[in-house]
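This is protein-v9.tsv (TSV, C-alpha atoms and all ligand atoms).
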chain	number	residue	atom	x	y	z
E	28	MET	CA	-38.81	66.60	243.05
E	29	THR	CA	-40.73	63.73	244.62
E	30	ALA	CA	-38.94	60.88	246.28
E	31	GLU	CA	-38.94	57.63	244.37
E	32	PRO	CA	-40.92	54.89	246.11
E	33	VAL	CA	-38.57	52.48	247.84
E	34	LEU	CA	-38.73	49.20	245.96
E	35	ALA	CA	-38.52	45.90	247.77
E	36	ARG	CA	-35.13	44.26	247.44
E	37	ILE	CA	-34.99	41.31	245.06
E	38	ASN	CA	-32.65	38.55	246.22
E	39	VAL	CA	-30.77	36.26	243.91
E	40	MET	CA	-32.16	33.13	245.58
E	41	LYS	CA	-34.47	32.03	248.36
E	42	PRO	CA	-35.03	28.43	249.43
E	43	TRP	CA	-38.55	27.06	249.07
E	44	LEU	CA	-39.45	25.96	252.63
E	45	GLY	CA	-42.85	25.66	254.29
E	46	ASP	CA	-44.88	24.32	257.19
E	47	GLU	CA	-44.32	20.75	256.00
E	48	GLU	CA	-40.58	21.04	256.70
E	49	ALA	CA	-41.31	22.55	260.14
E	50	ARG	CA	-43.68	19.68	260.98
E	51	ALA	CA	-41.17	17.07	259.79
E	52	LEU	CA	-38.53	18.63	262.05
E	53	ALA	CA	-40.92	18.67	265.02
E	54	ASP	CA	-41.62	14.96	264.50
E	55	VAL	CA	-37.91	14.13	264.59
E	56	VAL	CA	-37.43	16.22	267.73
E	57	ALA	CA	-40.35	14.42	269.38
E	58	SER	CA	-38.88	11.04	268.41
E	59	GLY	CA	-35.78	11.70	270.51
E	60	TRP	CA	-33.41	10.48	267.78
E	61	VAL	CA	-31.88	13.46	265.99
E	62	ALA	CA	-28.53	12.13	264.69
E	63	GLN	CA	-28.09	9.84	261.66
E	64	GLY	CA	-30.82	7.22	261.88
E	65	PRO	CA	-34.03	6.03	260.18
E	66	LYS	CA	-34.77	9.35	258.44
E	67	VAL	CA	-31.34	9.39	256.81
E	68	LYS	CA	-31.90	5.82	255.60
E	69	GLU	CA	-35.29	6.75	254.16
E	70	PHE	CA	-33.96	9.91	252.48
E	71	GLU	CA	-31.09	7.94	250.93
E	72	SER	CA	-33.33	5.31	249.38
E	73	ARG	CA	-35.91	7.82	248.17
E	74	PHE	CA	-33.26	10.06	246.66
E	75	ALA	CA	-31.43	7.19	244.94
E	76	GLU	CA	-34.70	5.88	243.52
E	77	SER	CA	-35.68	9.32	242.19
E	78	GLN	CA	-32.29	9.60	240.45
E	79	GLY	CA	-32.41	6.14	238.90
E	80	VAL	CA	-29.38	4.79	240.81
E	81	ARG	CA	-29.04	1.86	243.18
E	82	HIS	CA	-27.32	3.39	246.21
E	83	GLY	CA	-27.43	6.72	248.01
E	84	VAL	CA	-25.11	7.69	250.86
E	85	ALA	CA	-26.11	10.89	252.67
E	86	THR	CA	-23.31	13.17	253.89
E	87	SER	CA	-22.81	16.45	255.72
E	88	SER	CA	-22.26	18.33	252.44
E	89	CYS	CA	-21.49	17.85	248.77
E	90	THR	CA	-17.86	18.71	249.51
E	91	THR	CA	-17.56	15.80	251.94
E	92	ALA	CA	-19.37	13.54	249.45
E	93	LEU	CA	-16.77	14.54	246.83
E	94	HIS	CA	-13.98	13.70	249.27
E	95	LEU	CA	-15.51	10.26	249.91
E	96	ALA	CA	-16.02	9.69	246.17
E	97	LEU	CA	-12.30	10.20	245.55
E	98	VAL	CA	-11.35	7.94	248.46
E	99	VAL	CA	-13.60	5.05	247.34
E	100	ALA	CA	-12.30	5.48	243.78
E	101	GLY	CA	-8.80	4.91	245.18
E	102	ILE	CA	-7.41	8.31	244.20
E	103	GLY	CA	-4.39	9.52	246.18
E	104	PRO	CA	-0.88	10.97	246.06
E	105	GLY	CA	0.76	10.72	242.64
E	106	ASP	CA	-2.57	10.74	240.80
E	107	ASP	CA	-3.81	13.51	238.53
E	108	VAL	CA	-7.51	14.36	238.47
E	109	VAL	CA	-8.89	16.52	235.66
E	110	VAL	CA	-11.34	19.16	236.95
E	111	PRO	CA	-12.84	22.27	235.42
E	112	SER	CA	-11.42	25.49	236.86
E	113	LEU	CA	-14.84	27.03	236.15
E	114	SER	CA	-16.57	25.55	239.18
E	115	PHE	CA	-17.11	26.22	242.84
E	116	ILE	CA	-13.72	25.76	244.50
E	117	ALA	CA	-14.86	22.62	246.41
E	118	THR	CA	-14.48	20.61	243.17
E	119	ALA	CA	-10.72	21.23	243.09
E	120	ASN	CA	-10.32	21.21	246.88
E	121	ALA	CA	-11.58	17.63	247.21
E	122	VAL	CA	-8.77	16.48	244.91
E	123	THR	CA	-6.26	18.34	247.05
E	124	TYR	CA	-7.69	16.72	250.24
E	125	VAL	CA	-6.68	13.23	249.04
E	126	GLY	CA	-3.17	14.38	248.07
E	127	ALA	CA	-3.78	14.13	244.34
E	128	ARG	CA	-3.19	16.94	241.83
E	129	PRO	CA	-6.11	18.81	240.28
E	130	VAL	CA	-5.34	19.46	236.61
E	131	PHE	CA	-7.58	22.24	235.34
E	132	CYS	CA	-9.30	21.84	232.00
E	133	ASP	CA	-11.23	24.36	229.92
E	134	VAL	CA	-14.97	24.32	229.18
E	135	ASP	CA	-17.28	24.56	226.22
E	136	PRO	CA	-17.84	28.25	225.36
E	137	VAL	CA	-21.62	27.79	225.08
E	138	THR	CA	-22.60	25.52	228.00
E	139	GLY	CA	-19.73	26.34	230.37
E	140	ASN	CA	-19.26	22.59	230.93
E	141	VAL	CA	-16.29	20.31	230.39
E	142	THR	CA	-16.38	18.20	227.20
E	143	ALA	CA	-14.50	15.12	225.99
E	144	GLU	CA	-12.24	17.50	224.02
E	145	THR	CA	-11.36	19.78	226.94
E	146	ILE	CA	-10.73	16.75	229.17
E	147	TYR	CA	-8.57	15.11	226.49
E	148	ALA	CA	-6.40	18.24	226.28
E	149	ALA	CA	-5.69	18.00	230.03
E	150	LEU	CA	-4.84	14.27	230.25
E	151	THR	CA	-1.44	13.29	231.63
E	152	LEU	CA	0.23	9.91	232.11
E	153	ASP	CA	-0.97	10.06	235.73
E	154	THR	CA	-4.64	10.89	235.10
E	155	ARG	CA	-6.74	8.44	237.11
E	156	ALA	CA	-10.04	10.31	237.40
E	157	VAL	CA	-12.02	13.24	236.13
E	158	ILE	CA	-14.58	15.30	238.02
E	159	VAL	CA	-17.19	16.53	235.55
E	160	VAL	CA	-19.63	19.26	236.63
E	161	ASP	CA	-23.17	20.06	235.48
E	162	GLN	CA	-22.49	23.74	235.99
E	163	GLY	CA	-25.40	25.79	237.26
E	164	GLY	CA	-27.64	22.83	236.46
E	165	VAL	CA	-26.83	22.68	232.73
E	166	PRO	CA	-26.32	18.98	231.92
E	167	LEU	CA	-22.95	18.00	230.50
E	168	ASP	CA	-22.58	15.84	227.40
E	169	MET	CA	-21.71	12.54	229.10
E	170	ASP	CA	-21.64	9.98	226.22
E	171	PRO	CA	-18.39	11.21	224.57
E	172	ILE	CA	-16.80	11.72	228.01
E	173	ARG	CA	-17.76	8.18	229.03
E	174	SER	CA	-16.16	6.66	225.91
E	175	LEU	CA	-12.99	8.74	226.29
E	176	CYS	CA	-12.64	7.76	229.97
E	177	ASP	CA	-13.47	4.08	229.38
E	178	ARG	CA	-10.76	4.00	226.70
E	179	HIS	CA	-8.19	5.40	229.14
E	180	GLU	CA	-9.51	3.60	232.27
E	181	ILE	CA	-10.31	6.88	233.98
E	182	THR	CA	-12.93	7.04	236.76
E	183	VAL	CA	-15.76	9.48	236.07
E	184	ILE	CA	-16.97	11.39	239.14
E	185	GLU	CA	-19.92	13.69	238.46
E	186	ASP	CA	-20.23	16.80	240.61
E	187	ALA	CA	-23.99	17.25	240.24
E	188	ALA	CA	-24.13	19.66	243.20
E	189	CYS	CA	-26.42	22.02	241.28
E	190	ALA	CA	-28.13	19.54	239.00
E	191	VAL	CA	-30.90	17.64	240.78
E	192	GLY	CA	-33.80	17.58	238.32
E	193	SER	CA	-31.66	18.24	235.24
E	194	THR	CA	-31.84	15.58	232.54
E	195	TYR	CA	-29.47	14.03	229.99
E	196	ARG	CA	-31.05	12.23	227.05
E	197	GLY	CA	-34.32	11.86	228.95
E	198	ARG	CA	-32.82	10.49	232.18
E	199	PRO	CA	-31.65	12.19	235.38
E	200	VAL	CA	-28.04	13.40	235.20
E	201	GLY	CA	-25.53	11.40	237.23
E	202	VAL	CA	-26.63	7.90	236.21
E	203	ASP	CA	-23.75	7.33	233.77
E	204	ALA	CA	-20.98	8.40	236.14
E	205	ASP	CA	-19.14	5.86	238.30
E	206	VAL	CA	-20.18	7.99	241.25
E	207	ALA	CA	-22.14	11.25	241.48
E	208	VAL	CA	-22.42	13.79	244.29
E	209	TRP	CA	-25.18	16.26	245.15
E	210	SER	CA	-25.57	19.32	247.36
E	211	PHE	CA	-28.44	20.35	249.62
E	212	HIS	CA	-27.01	23.76	250.45
E	213	PRO	CA	-29.71	26.49	250.36
E	214	ARG	CA	-28.15	27.95	247.21
E	215	LYS	CA	-29.03	24.74	245.34
E	216	ILE	CA	-32.37	23.28	244.22
E	217	LEU	CA	-33.33	21.23	247.30
E	218	THR	CA	-32.03	22.06	250.74
E	219	THR	CA	-31.45	20.45	254.12
E	220	GLY	CA	-29.65	23.52	255.51
E	221	GLU	CA	-26.33	21.84	254.80
E	222	GLY	CA	-26.08	18.38	253.37
E	223	GLY	CA	-25.00	16.20	250.51
E	224	MET	CA	-25.39	12.79	248.90
E	225	LEU	CA	-23.19	10.34	247.06
E	226	THR	CA	-24.92	8.05	244.54
E	227	THR	CA	-23.50	5.05	242.71
E	228	ASN	CA	-24.51	1.73	241.21
E	229	ARG	CA	-21.46	0.05	242.75
E	230	ALA	CA	-22.47	-1.73	245.95
E	231	ASP	CA	-18.85	-2.00	247.16
E	232	TRP	CA	-18.20	1.74	246.78
E	233	ALA	CA	-21.50	2.63	248.48
E	234	ALA	CA	-20.73	0.30	251.41
E	235	ARG	CA	-17.24	1.74	251.86
E	236	ALA	CA	-18.51	5.34	251.65
E	237	ARG	CA	-21.18	4.50	254.25
E	238	THR	CA	-18.53	3.19	256.64
E	239	LEU	CA	-15.99	5.95	255.94
E	240	ARG	CA	-18.51	8.67	256.68
E	241	GLU	CA	-19.00	7.21	260.17
E	242	HIS	CA	-15.38	6.95	261.38
E	243	SER	CA	-15.10	3.58	259.56
E	244	MET	CA	-16.88	1.93	262.47
E	245	SER	CA	-17.78	-1.69	261.83
E	246	VAL	CA	-21.16	-1.19	263.56
E	247	SER	CA	-23.12	2.00	262.98
E	248	ALA	CA	-24.19	4.16	265.93
E	249	ALA	CA	-27.84	3.56	265.01
E	250	ASP	CA	-27.34	-0.23	265.08
E	251	ARG	CA	-25.47	-0.10	268.40
E	252	HIS	CA	-28.33	1.93	269.85
E	253	GLY	CA	-30.77	-0.73	268.67
E	254	SER	CA	-29.30	-3.44	270.89
E	255	LEU	CA	-29.26	-3.35	274.67
E	256	LEU	CA	-25.82	-4.92	274.93
E	257	ALA	CA	-23.96	-2.98	272.23
E	258	PRO	CA	-21.58	-5.22	270.26
E	259	PRO	CA	-17.93	-4.13	270.29
E	260	GLU	CA	-16.96	-2.17	267.20
E	261	ASP	CA	-13.76	-2.09	265.19
E	262	TYR	CA	-12.35	0.90	263.35
E	263	LEU	CA	-11.43	-0.58	260.00
E	264	GLU	CA	-9.42	2.32	258.55
E	265	VAL	CA	-9.02	6.05	259.17
E	266	GLY	CA	-12.50	7.43	258.55
E	267	PHE	CA	-14.37	10.70	258.92
E	268	ASN	CA	-17.43	12.17	260.57
E	269	TYR	CA	-19.36	13.19	257.45
E	270	ARG	CA	-22.80	12.14	258.72
E	271	MET	CA	-26.09	13.83	257.92
E	272	THR	CA	-28.57	14.19	260.83
E	273	ASP	CA	-32.11	12.85	260.92
E	274	LEU	CA	-33.22	16.49	261.36
E	275	GLN	CA	-31.72	17.32	257.97
E	276	ALA	CA	-32.94	14.13	256.30
E	277	ALA	CA	-36.53	14.75	257.45
E	278	VAL	CA	-36.40	18.12	255.72
E	279	GLY	CA	-34.79	16.50	252.69
E	280	ILE	CA	-37.65	14.01	252.33
E	281	VAL	CA	-40.18	16.86	252.24
E	282	GLN	CA	-37.97	18.81	249.85
E	283	LEU	CA	-37.71	15.86	247.48
E	284	GLY	CA	-41.50	15.87	247.32
E	285	ARG	CA	-41.35	19.50	246.19
E	286	LEU	CA	-38.88	18.85	243.38
E	287	ALA	CA	-41.41	18.78	240.52
E	288	ALA	CA	-42.98	22.05	241.67
E	289	VAL	CA	-39.59	23.71	242.16
E	290	LEU	CA	-38.48	22.68	238.66
E	291	ALA	CA	-41.71	23.85	237.04
E	292	ARG	CA	-41.49	27.24	238.74
E	293	ARG	CA	-37.84	27.74	237.82
E	294	ARG	CA	-38.41	26.80	234.19
E	295	ASP	CA	-41.38	29.16	234.13
E	296	ILE	CA	-39.25	32.05	235.40
E	297	ALA	CA	-36.52	31.17	232.88
E	298	ALA	CA	-39.09	31.31	230.08
E	299	ARG	CA	-40.10	34.80	231.26
E	300	TYR	CA	-36.46	35.91	231.11
E	301	VAL	CA	-36.09	34.47	227.63
E	302	ALA	CA	-39.23	36.27	226.46
E	303	GLY	CA	-38.11	39.55	228.02
E	304	LEU	CA	-34.45	39.50	227.04
E	305	THR	CA	-34.27	37.78	223.66
E	306	GLY	CA	-33.03	40.25	221.08
E	307	VAL	CA	-31.26	42.53	223.57
E	308	PRO	CA	-27.99	43.25	221.74
E	309	GLY	CA	-24.86	41.94	223.43
E	310	LEU	CA	-26.60	39.53	225.75
E	311	ARG	CA	-26.38	35.73	225.51
E	312	LEU	CA	-28.75	33.70	227.68
E	313	VAL	CA	-28.16	30.25	229.14
E	314	SER	CA	-30.39	27.64	227.51
E	315	ASP	CA	-31.07	23.90	227.35
E	316	PRO	CA	-28.38	22.08	225.37
E	317	PRO	CA	-29.68	19.92	222.48
E	318	TYR	CA	-29.23	16.70	224.50
E	319	GLY	CA	-30.91	17.63	227.79
E	320	THR	CA	-32.71	20.03	230.09
E	321	THR	CA	-31.40	22.30	232.83
E	322	ASN	CA	-33.14	22.87	236.15
E	323	PHE	CA	-32.08	26.55	235.90
E	324	GLN	CA	-30.32	26.38	239.25
E	325	SER	CA	-28.59	29.40	237.72
E	326	PHE	CA	-30.13	31.60	235.08
E	327	TRP	CA	-26.98	33.23	233.76
E	328	VAL	CA	-26.34	35.69	230.96
E	329	GLU	CA	-23.10	36.45	229.15
E	330	VAL	CA	-22.51	40.18	228.73
E	331	LEU	CA	-20.73	40.63	225.40
E	332	PRO	CA	-18.64	43.68	224.41
E	333	SER	CA	-21.55	44.90	222.24
E	334	PHE	CA	-23.80	45.32	225.30
E	335	GLY	CA	-24.26	48.87	226.69
E	336	THR	CA	-21.95	48.28	229.64
E	337	THR	CA	-19.64	45.66	231.13
E	338	ARG	CA	-20.73	42.74	233.33
E	339	ASP	CA	-19.67	44.64	236.45
E	340	GLY	CA	-21.40	47.77	235.14
E	341	LEU	CA	-24.63	45.82	234.71
E	342	LEU	CA	-24.28	44.37	238.23
E	343	GLU	CA	-24.05	47.93	239.57
E	344	LYS	CA	-27.10	49.06	237.60
E	345	LEU	CA	-29.08	46.13	238.98
E	346	ALA	CA	-27.90	46.88	242.53
E	347	GLU	CA	-29.04	50.50	242.12
E	348	ALA	CA	-32.47	49.14	241.20
E	349	GLY	CA	-32.53	47.02	244.38
E	350	ILE	CA	-31.81	43.80	242.51
E	351	SER	CA	-29.21	41.42	243.83
E	352	ALA	CA	-27.53	39.54	240.98
E	353	ARG	CA	-24.20	37.70	241.19
E	354	ARG	CA	-21.03	37.31	239.17
E	355	GLY	CA	-21.02	34.04	237.26
E	356	ILE	CA	-19.15	30.89	238.20
E	357	MET	CA	-15.71	31.37	239.70
E	358	ALA	CA	-12.45	30.18	238.13
E	359	ALA	CA	-10.41	28.26	240.70
E	360	HIS	CA	-7.08	28.72	238.88
E	361	ARG	CA	-7.39	32.48	239.43
E	362	GLN	CA	-7.77	32.16	243.20
E	363	PRO	CA	-4.81	32.54	245.59
E	364	ALA	CA	-5.40	28.99	246.83
E	365	TYR	CA	-4.54	27.61	243.38
E	366	ARG	CA	-2.73	30.35	241.53
E	367	TRP	CA	0.70	29.18	242.57
E	368	ARG	CA	0.05	25.46	242.38
E	369	ASP	CA	1.27	23.24	239.60
E	370	SER	CA	-1.93	22.49	237.75
E	371	GLY	CA	-0.74	21.31	234.40
E	372	GLY	CA	-0.76	24.78	232.86
E	373	GLY	CA	-3.38	24.33	230.14
E	374	LEU	CA	-5.04	27.16	228.25
E	375	LEU	CA	-8.28	28.17	229.93
E	376	GLN	CA	-9.53	30.84	227.54
E	377	HIS	CA	-13.25	29.99	227.60
E	378	THR	CA	-13.11	29.61	231.39
E	379	GLU	CA	-11.60	33.07	231.77
E	380	ARG	CA	-14.02	34.65	229.31
E	381	LEU	CA	-17.09	33.18	231.03
E	382	ASN	CA	-15.65	34.06	234.44
E	383	ASP	CA	-15.24	37.69	233.29
E	384	ARG	CA	-18.51	38.10	231.44
E	385	THR	CA	-21.27	36.09	233.07
E	386	LEU	CA	-23.81	37.18	235.63
E	387	ILE	CA	-26.47	35.19	237.48
E	388	LEU	CA	-30.00	36.61	237.66
E	389	PRO	CA	-32.49	36.02	240.50
E	390	VAL	CA	-34.60	32.84	240.34
E	391	TYR	CA	-36.79	31.69	243.25
E	392	HIS	CA	-40.36	30.59	243.70
E	393	GLU	CA	-41.67	33.88	245.07
E	394	LEU	CA	-40.22	36.00	242.27
E	395	ASP	CA	-43.41	37.34	240.68
E	396	ASP	CA	-44.19	39.05	237.39
E	397	GLY	CA	-43.68	42.49	238.94
E	398	GLY	CA	-40.19	41.53	240.10
E	399	LEU	CA	-39.32	39.95	236.76
E	400	ASP	CA	-40.50	43.08	234.91
E	401	ARG	CA	-38.27	45.20	237.13
E	402	ILE	CA	-35.21	43.02	236.44
E	403	ILE	CA	-35.86	42.82	232.71
E	404	GLY	CA	-36.51	46.58	232.58
E	405	ALA	CA	-33.26	47.38	234.39
E	406	ILE	CA	-31.27	45.17	232.00
E	407	ARG	CA	-32.94	46.65	228.93
E	408	ALA	CA	-32.23	50.18	230.21
E	409	SER	CA	-28.53	49.32	230.59
E	410	ALA	CA	-28.41	47.79	227.14
E	411	ALA	CA	-29.85	50.96	225.62
E	412	GLY	CA	-26.65	52.73	226.64
E	413	THR	CA	-27.44	54.56	229.85
E	414	ARG	CA	-23.80	54.29	230.89
E	415	THR	CA	-22.76	57.22	233.06
E	501	LIG	C1	-22.17	24.17	245.79
E	501	LIG	C2	-21.21	23.32	245.08
E	501	LIG	C3	-20.38	22.43	245.78
E	501	LIG	C4	-20.32	22.37	247.28
E	501	LIG	O1	-21.52	21.98	247.87
E	501	LIG	P1	-21.62	21.96	249.48
E	501	LIG	O2	-22.85	21.15	249.73
E	501	LIG	O3	-21.81	23.39	249.87
E	501	LIG	O4	-20.40	21.38	250.02
E	501	LIG	C5	-19.54	21.61	245.05
E	501	LIG	N1	-19.51	21.66	243.71
E	501	LIG	C6	-20.28	22.51	243.01
E	501	LIG	C7	-20.22	22.51	241.52
E	501	LIG	C8	-21.15	23.39	243.67
E	501	LIG	O5	-21.90	24.23	242.97
Please rewrite the model in this file as structure tokens.
Ligand SMILES: *Cc1c(COP(=O)(O)O)cnc(C)c1O
Amino acid sequence: MTAEPVLARINVMKPWLGDEEARALADVVASGWVAQGPKVKEFESRFAESQGVRHGVATSSCTTALHLALVVAGIGPGDDVVVPSLSFIATANAVTYVGARPVFCDVDPVTGNVTAETIYAALTLDTRAVIVVDQGGVPLDMDPIRSLCDRHEITVIEDAACAVGSTYRGRPVGVDADVAVWSFHPRKILTTGEGGMLTTNRADWAARARTLREHSMSVSAADRHGSLLAPPEDYLEVGFNYRMTDLQAAVGIVQLGRLAAVLARRRDIAARYVAGLTGVPGLRLVSDPPYGTTNFQSFWVEVLPSFGTTRDGLLEKLAEAGISARRGIMAAHRQPAYRWRDSGGGLLQHTERLNDRTLILPVYHELDDGGLDRIIGAIRASAAGTRT
């Protein structure tokens, strides 16, 4: 028996970073100003412009941007906020931070996103806001949600953490929300190491978020630095330190310039998966909804009972082949942090099914045809019933 050649490990994700980011960082270091300053300002305006919104407020993460979004929307104790359980736990946590109650709603069985119907089923007399999520980059169907929420005077916060570059009816996602938030964690589409952004067309909310993220100081640190005799500052309310650094923003500006290439590469890889996996019995592949396009931040598949093995069985087969895949999106209501909380108690059947059956396949710019063939081959072999 001859030993099998050791195959290179295939990761689920790898950020697209290059010399340009390194040079941008070196420039900031040489400038001597590394905290929030001119680069953050430039990144904010470039990002907002690219998303078709008036104001961008950079933050330390998407989670802190979500927290600020709820604060500027006036959400607090006694308020209910509808959120999907099928989301990264930060979506629900931000509601808990402000002392409001997250009320979990179900999702559409095809897209995995909240809909006007699933939100409606979770409304209470105390519902003041909803956090809608473009899960894994798949755009949500905003128009019906907007009319439902306008009718009930409910603030729409869009957690677009994964969705930069995704479109809804030909425009970037996020534009129709009252406020949207974005993540620049390396697991997402663009990265600044850690980082986030809040976008809104409301000048008053943007101004308050800008102040809140910097301890609610009446004069920003950058402005104080600009004058020899620093003016005295007031602390207008209890704020936070949720600032992004100029080091991160400089990387973000370069990353934003890569967005078109990143999107094209990811959609290319997704097309290869579709070509290689269409027709495999018991497998359902994520796809563009009729009203928009996904950035394929996640290329997920649903493993149906008619597949050769279970979702966890397929994960094991892939791991044996040196391929790192991941379980699909988590369900917050099943986690210890939320299991015992009062969350309205709705039925979350599609959430639980997708949480049990979905799996995320590798997508990153360096994943080549050889790697894709290996992944597709391993999945096809499992589907053919090689269960041991
Ligand atoms: C990743 C993610 C977050 C958190 O983003 P951070 O920048 O890591 O704080 C929030 N919501 C969703 C839907 C996410 O996928």
Report task. For ligand LIG 501 (chain E), collect every residue having any atom at a distance of at most 7 Å from a ligand atom (counting only C-alpha atoms and all ligand atoms); output as a VMD selection string. Result -> chain E and resid 88 to 91 114 to 115 117 to 118 160 162 to 163 186 to 189 210 to 212 215 221 to 223
Expected file contents, prior selection, C-alpha atoms, as an mmCIF file, in the coordinates of the input:
data_model
loop_
_atom_site.group_PDB
_atom_site.id
_atom_site.type_symbol
_atom_site.label_atom_id
_atom_site.label_comp_id
_atom_site.auth_asym_id
_atom_site.auth_seq_id
_atom_site.Cartn_x
_atom_site.Cartn_y
_atom_site.Cartn_z
ATOM 1 C CA SER E 88 -22.260 18.330 252.440
ATOM 2 C CA CYS E 89 -21.490 17.850 248.770
ATOM 3 C CA THR E 90 -17.860 18.710 249.510
ATOM 4 C CA THR E 91 -17.560 15.800 251.940
ATOM 5 C CA SER E 114 -16.570 25.550 239.180
ATOM 6 C CA PHE E 115 -17.110 26.220 242.840
ATOM 7 C CA ALA E 117 -14.860 22.620 246.410
ATOM 8 C CA THR E 118 -14.480 20.610 243.170
ATOM 9 C CA VAL E 160 -19.630 19.260 236.630
ATOM 10 C CA GLN E 162 -22.490 23.740 235.990
ATOM 11 C CA GLY E 163 -25.400 25.790 237.260
ATOM 12 C CA ASP E 186 -20.230 16.800 240.610
ATOM 13 C CA ALA E 187 -23.990 17.250 240.240
ATOM 14 C CA ALA E 188 -24.130 19.660 243.200
ATOM 15 C CA CYS E 189 -26.420 22.020 241.280
ATOM 16 C CA SER E 210 -25.570 19.320 247.360
ATOM 17 C CA PHE E 211 -28.440 20.350 249.620
ATOM 18 C CA HIS E 212 -27.010 23.760 250.450
ATOM 19 C CA LYS E 215 -29.030 24.740 245.340
ATOM 20 C CA GLU E 221 -26.330 21.840 254.800
ATOM 21 C CA GLY E 222 -26.080 18.380 253.370
ATOM 22 C CA GLY E 223 -25.000 16.200 250.510
#
**Report entry** Pick from E:Thr238, E:Arg73, E:Leu283, E:Met271, whichever lies nearest to E:Glu47 using only C-alpha atoms
**Finding:**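 Ranked by minimum distance to E:Glu47, first place goes to E:Leu283.
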Query raised in the report: When distances are computed from all atoms listed in the file, which of E:Pro213, E:Glu264, E:Ala358, E:Leu167 shows the smallest separation from E:His377?
Result: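 Nearest candidate to E:His377 out of E:Pro213, E:Glu264, E:Ala358, E:Leu167: E:Ala358.
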When you look at E:Gln78 with a cut-off of 9 Å (counting all atoms listed in the file), what residues show up, excluding the ones that are within fewer than 3 positions of it in the same chain? I need them as an mmCIF file with C-alpha atoms, in the coordinates of the input.
data_model
loop_
_atom_site.group_PDB
_atom_site.id
_atom_site.type_symbol
_atom_site.label_atom_id
_atom_site.label_comp_id
_atom_site.auth_asym_id
_atom_site.auth_seq_id
_atom_site.Cartn_x
_atom_site.Cartn_y
_atom_site.Cartn_z
ATOM 1 C CA ARG E 73 -35.910 7.820 248.170
ATOM 2 C CA PHE E 74 -33.260 10.060 246.660
ATOM 3 C CA ALA E 75 -31.430 7.190 244.940
ATOM 4 C CA ARG E 81 -29.040 1.860 243.180
ATOM 5 C CA VAL E 191 -30.900 17.640 240.780
ATOM 6 C CA GLY E 192 -33.800 17.580 238.320
ATOM 7 C CA ARG E 198 -32.820 10.490 232.180
ATOM 8 C CA PRO E 199 -31.650 12.190 235.380
ATOM 9 C CA VAL E 200 -28.040 13.400 235.200
ATOM 10 C CA GLY E 201 -25.530 11.400 237.230
ATOM 11 C CA VAL E 202 -26.630 7.900 236.210
ATOM 12 C CA THR E 226 -24.920 8.050 244.540
#
Report task. Record the distance separating atom CA of E:Thr385 and atom CA of E:Val330, expressed in Å with one decimal. Result -> 6.1 Å
Report task. Excluding E:Asp106 and any residue of its chain fewer than 6 positions from it, enumerate the residues within 9 Å of it, using only C-alpha atoms, and give them as a PyMOL selection string. Result -> chain E and resi 126-129+153-156
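Here the question is which of E:Lys344, E:Arg293, E:Arg354, E:Arg50 gets nearest to E:Asp395 using all atoms listed in the file, and that residue is E:Arg293.
Considering all atoms listed in the file, the residue among E:Gly220, E:Gly371, E:Gly103, E:Gly319 positioned nearest to E:Leu274 is E:Gly220.
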**Report entry** Given all atoms listed in the file as the counted atoms, nearest of E:Ala234, E:Leu386, E:Ile403, E:Val208 to E:Ala302
**Finding:** E:Ile403
Query raised in the report: So what do you get for atom CA of E:Ile102 versus atom CA of E:Leu175, distance-wise?
Result: 18.8 Å
Requested in this report: Measuring atom to atom with all atoms listed in the file, identify which of E:Arg237, E:Arg196, E:Arg214, E:Arg270 is nearest to E:Ser87.
Outcome: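 Checking each candidate against E:Ser87, we get E:Arg270 as the closest.
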Dig up all the protein and nucleic acid residues within 10 Å of (-10.5, 4.8, 235.6) in the file frame, using all atoms listed in the file, and format them as a tab-separated table (two decimals) with C-alpha atoms, keeping the file's coordinate frame.
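Dumped to selection_1.tsv:
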chain	number	residue	atom	x	y	z
E	100	ALA	CA	-12.30	5.48	243.78
E	101	GLY	CA	-8.80	4.91	245.18
E	102	ILE	CA	-7.41	8.31	244.20
E	154	THR	CA	-4.64	10.89	235.10
E	155	ARG	CA	-6.74	8.44	237.11
E	156	ALA	CA	-10.04	10.31	237.40
E	157	VAL	CA	-12.02	13.24	236.13
E	176	CYS	CA	-12.64	7.76	229.97
E	177	ASP	CA	-13.47	4.08	229.38
E	178	ARG	CA	-10.76	4.00	226.70
E	179	HIS	CA	-8.19	5.40	229.14
E	180	GLU	CA	-9.51	3.60	232.27
E	181	ILE	CA	-10.31	6.88	233.98
E	182	THR	CA	-12.93	7.04	236.76
E	183	VAL	CA	-15.76	9.48	236.07
E	184	ILE	CA	-16.97	11.39	239.14
E	205	ASP	CA	-19.14	5.86	238.30
Query raised in the report: Counting all atoms listed in the file, what is within 12 Å of E:Gly340, bar same-chain residues fewer than 5 positions away, as a VMD selection string?
Result: chain E and resid 330 332 334 to 335 345 to 347 352 354 383 to 386 405 to 406 409 to 410 412 to 415
Query - Coordinates-based distance that separates atom CA of E:Ile387 from atom CA of E:Ile402 (Å, one decimal) - result: 11.8 Å
Report task. Select, counting only C-alpha atoms, all protein, DNA and RNA residues no farther than 6 Å from (-32.4, 19.7, 254.4) in file coordinates, and express the selection as an MDAnalysis selection string. Result -> chainID E and resid 218:220 275:276 278:279
Report task. Name all residues at most 8 Å from E:Thr227 (count only C-alpha atoms; drop same-chain ones fewer than 4 positions away) and give them as JSON, numbers by chain. Result -> {"E": [80, 81, 82, 83, 202, 204, 205, 206, 207, 232, 233]}
Query raised in the report: Excluding same-chain residues fewer than 6 positions from E:Thr378, what lies within 9 Å of it counting all atoms listed in the file, as JSON, numbers by chain?
Result: {"E": [111, 112, 113, 132, 133, 134, 135, 136, 139, 357, 358]}
